[in-house]
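Trainee: Before I ask anything, here is the structure I am working with.
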Amino acid sequence: MDYRDAPLITIGLVAHNVKDTVERAVRSAVRQSYPSLDILVIDDASTDGTGVILDQMAQRHGDVRVIRNDVSRGIAACRNQIIEQAQGAFIAFFDAADESLPQRLIRQYVRLTDYEDAFARGTTVLCHTAQIVNGSENKKRVVPTIGCAPDTLAPHGLPVAEYFLLDMKLRQGGAGAMMIGTQMARKSVYRKLGGFDENLNAKEDMDFAVRAALDGAHFVGVPETAVIRTDSESRRKQKHADKIAVMEKHRSFIEAHGDFTFFR
């Protein structure tokens with residue numbers, strides 16, 4: 001495929017006190033084989049030297065832009081900054097603790113646009129990738145994503161909202177993770193859906209996915225592992241209160257399917 005006329009993709013990354021991992025994450029963005037990149041990093045008032053590392057990388061790589069917040073605004077607000085400041089027609093979110101493999105964006109761009117052409121032109125499409133997760137004791141596991149079956153409709157609409165809020169199985173597309181650090185979509189999609197809810201301290205990505213599903217979004221996936229994710233105790237710990245906050249926000253949808261207290 002000829003990528004000389006490929007549209008600009010903004011890689012969006014939020015960094016807050018991640019000096020041990022941020023250089024690897026940004027380097028994996030710079031090394032993407034996709035030819036037209038805008039790499040935007042929001043330094044959310046880091047105090048551990050993260051900002052120095054980012055400044056050095058921006059000096060070495062002309063595609064890297066750094067926006068520094070004077071006070072910490074939180075992950076949702078920083079992602080909204082990325083949506084506001086993105087120069088690309090597409091946005092791919094990277095995680096400051098992870099590493100994306102060089103072919104990630106090409107695979108996502110091809111998968112997303114091919115799916116739009118075949119099934120969903122003019123419709124909201126979100127694309128995720130499978131991951132390799134490095135766990136404790138050097139154990140690795142592959143975590144798949146949904147919507148990878150070729151030549152067929154991907155999971156979309158209400159069933160995906162039920163998957164998130166009611167823990168219901170998807171009848172098509174299989175089970176799998178939809179991590180924000182593997183997500184890509186058109187910038188217009190993020191703007192149409194109003195970005196991320198800044199009232200949520202965490203699980204704002206889950207809320208965004210629910211709102212996208214309720215809007216009829218299609219969730220397509222790249223089956224190849226394109227992100228290396230390092231697990232940690234803080235990541236494994238589910239913040240119950242944050243998930244409850246998302247459920248409270250979508251209480252009317254849950255109550256339409258049964259007893260809210262039960263699902264809660």
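Naming works like this for the structure tokens: A, B, ... for the chains as they're shown, residue 1 at the start of each chain, ligands 1 onward in shown order.
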List the neighbours of stretch 239-251 of chain A out to 9 Å using only C-alpha atoms; skip same-chain residues closer than 6 positions along the sequence, and give me the result as a ChimeraX atom specification.
Mentor: /A:165,200-204,206-207,210,260,263-264
Trainee: Using C-alpha atoms, can you export the residues from the last selection as an mmCIF file, in the first residue's frame?
Mentor:
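What follows is the written file part_39.cif:
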data_model
loop_
_atom_site.group_PDB
_atom_site.id
_atom_site.type_symbol
_atom_site.label_atom_id
_atom_site.label_comp_id
_atom_site.auth_asym_id
_atom_site.auth_seq_id
_atom_site.Cartn_x
_atom_site.Cartn_y
_atom_site.Cartn_z
ATOM 1 C CA LEU A 165 -22.229 -2.119 32.305
ATOM 2 C CA LEU A 200 -14.529 11.180 36.735
ATOM 3 C CA ASN A 201 -11.263 10.538 38.580
ATOM 4 C CA ALA A 202 -10.749 7.232 36.783
ATOM 5 C CA LYS A 203 -12.638 4.846 34.481
ATOM 6 C CA GLU A 204 -13.219 7.819 32.163
ATOM 7 C CA MET A 206 -14.893 3.045 30.237
ATOM 8 C CA ASP A 207 -17.434 5.868 30.306
ATOM 9 C CA VAL A 210 -20.145 3.248 26.903
ATOM 10 C CA PHE A 260 -29.621 -1.474 39.529
ATOM 11 C CA PHE A 263 -25.784 -4.986 38.860
ATOM 12 C CA ARG A 264 -24.031 -2.506 41.137
#
Trainee: Can you build me a table of stretch 66-147 of chain A residues sitting at most 8 Å from stretch 152-155 of chain A, with the closest atom pair per residue and its distance in Å to one decimal, using only C-alpha atoms, sorted by chain and residue number, as a Markdown table?
Mentor:
| residue | atom | partner | partner_atom | distance |
| --- | --- | --- | --- | --- |
| A:Phe119 | CA | A:Leu153 | CA | 6.9 |
| A:Ile146 | CA | A:Pro155 | CA | 7.5 |
| A:Gly147 | CA | A:Ala154 | CA | 4.7 |
Trainee: Work out how far atom CA of A:Glu99 is from atom CA of A:Ile228, in Å to one decimal.
Mentor: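 Atom-to-atom, atom CA of A:Ile228 to atom CA of A:Glu99, that is 5.1 Å.
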Trainee: Env of stretch 181-195 of chain A: 10 Å cut, atoms = only C-alpha atoms, seq-sep filter 6 positions within chain, self excluded. Answer as a ChimeraX atom specification.
Mentor: /A:9-13,76-77,79-84,86-100,104-105,108-109,112-113,123-131,145,204-205,208-209,211-212,215,217,219-222,226-229
Trainee: My list of candidates is A:Ile53, A:Arg60, A:Met168, A:Ala213. Which is closest to A:Thr21 when distances are computed with only C-alpha atoms?
Mentor: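 For A:Thr21, the nearest of the candidates is A:Ile53.
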Trainee: Just how far from atom CA of A:Val133 is atom CA of A:Ala15, in Å to one decimal?
Mentor: 20.1 Å
Trainee: I'd like to know which of A:Leu158, A:Glu198, A:Ala256, A:Ile132 is closest to A:Cys78, using only C-alpha atoms.
Mentor: A:Glu198
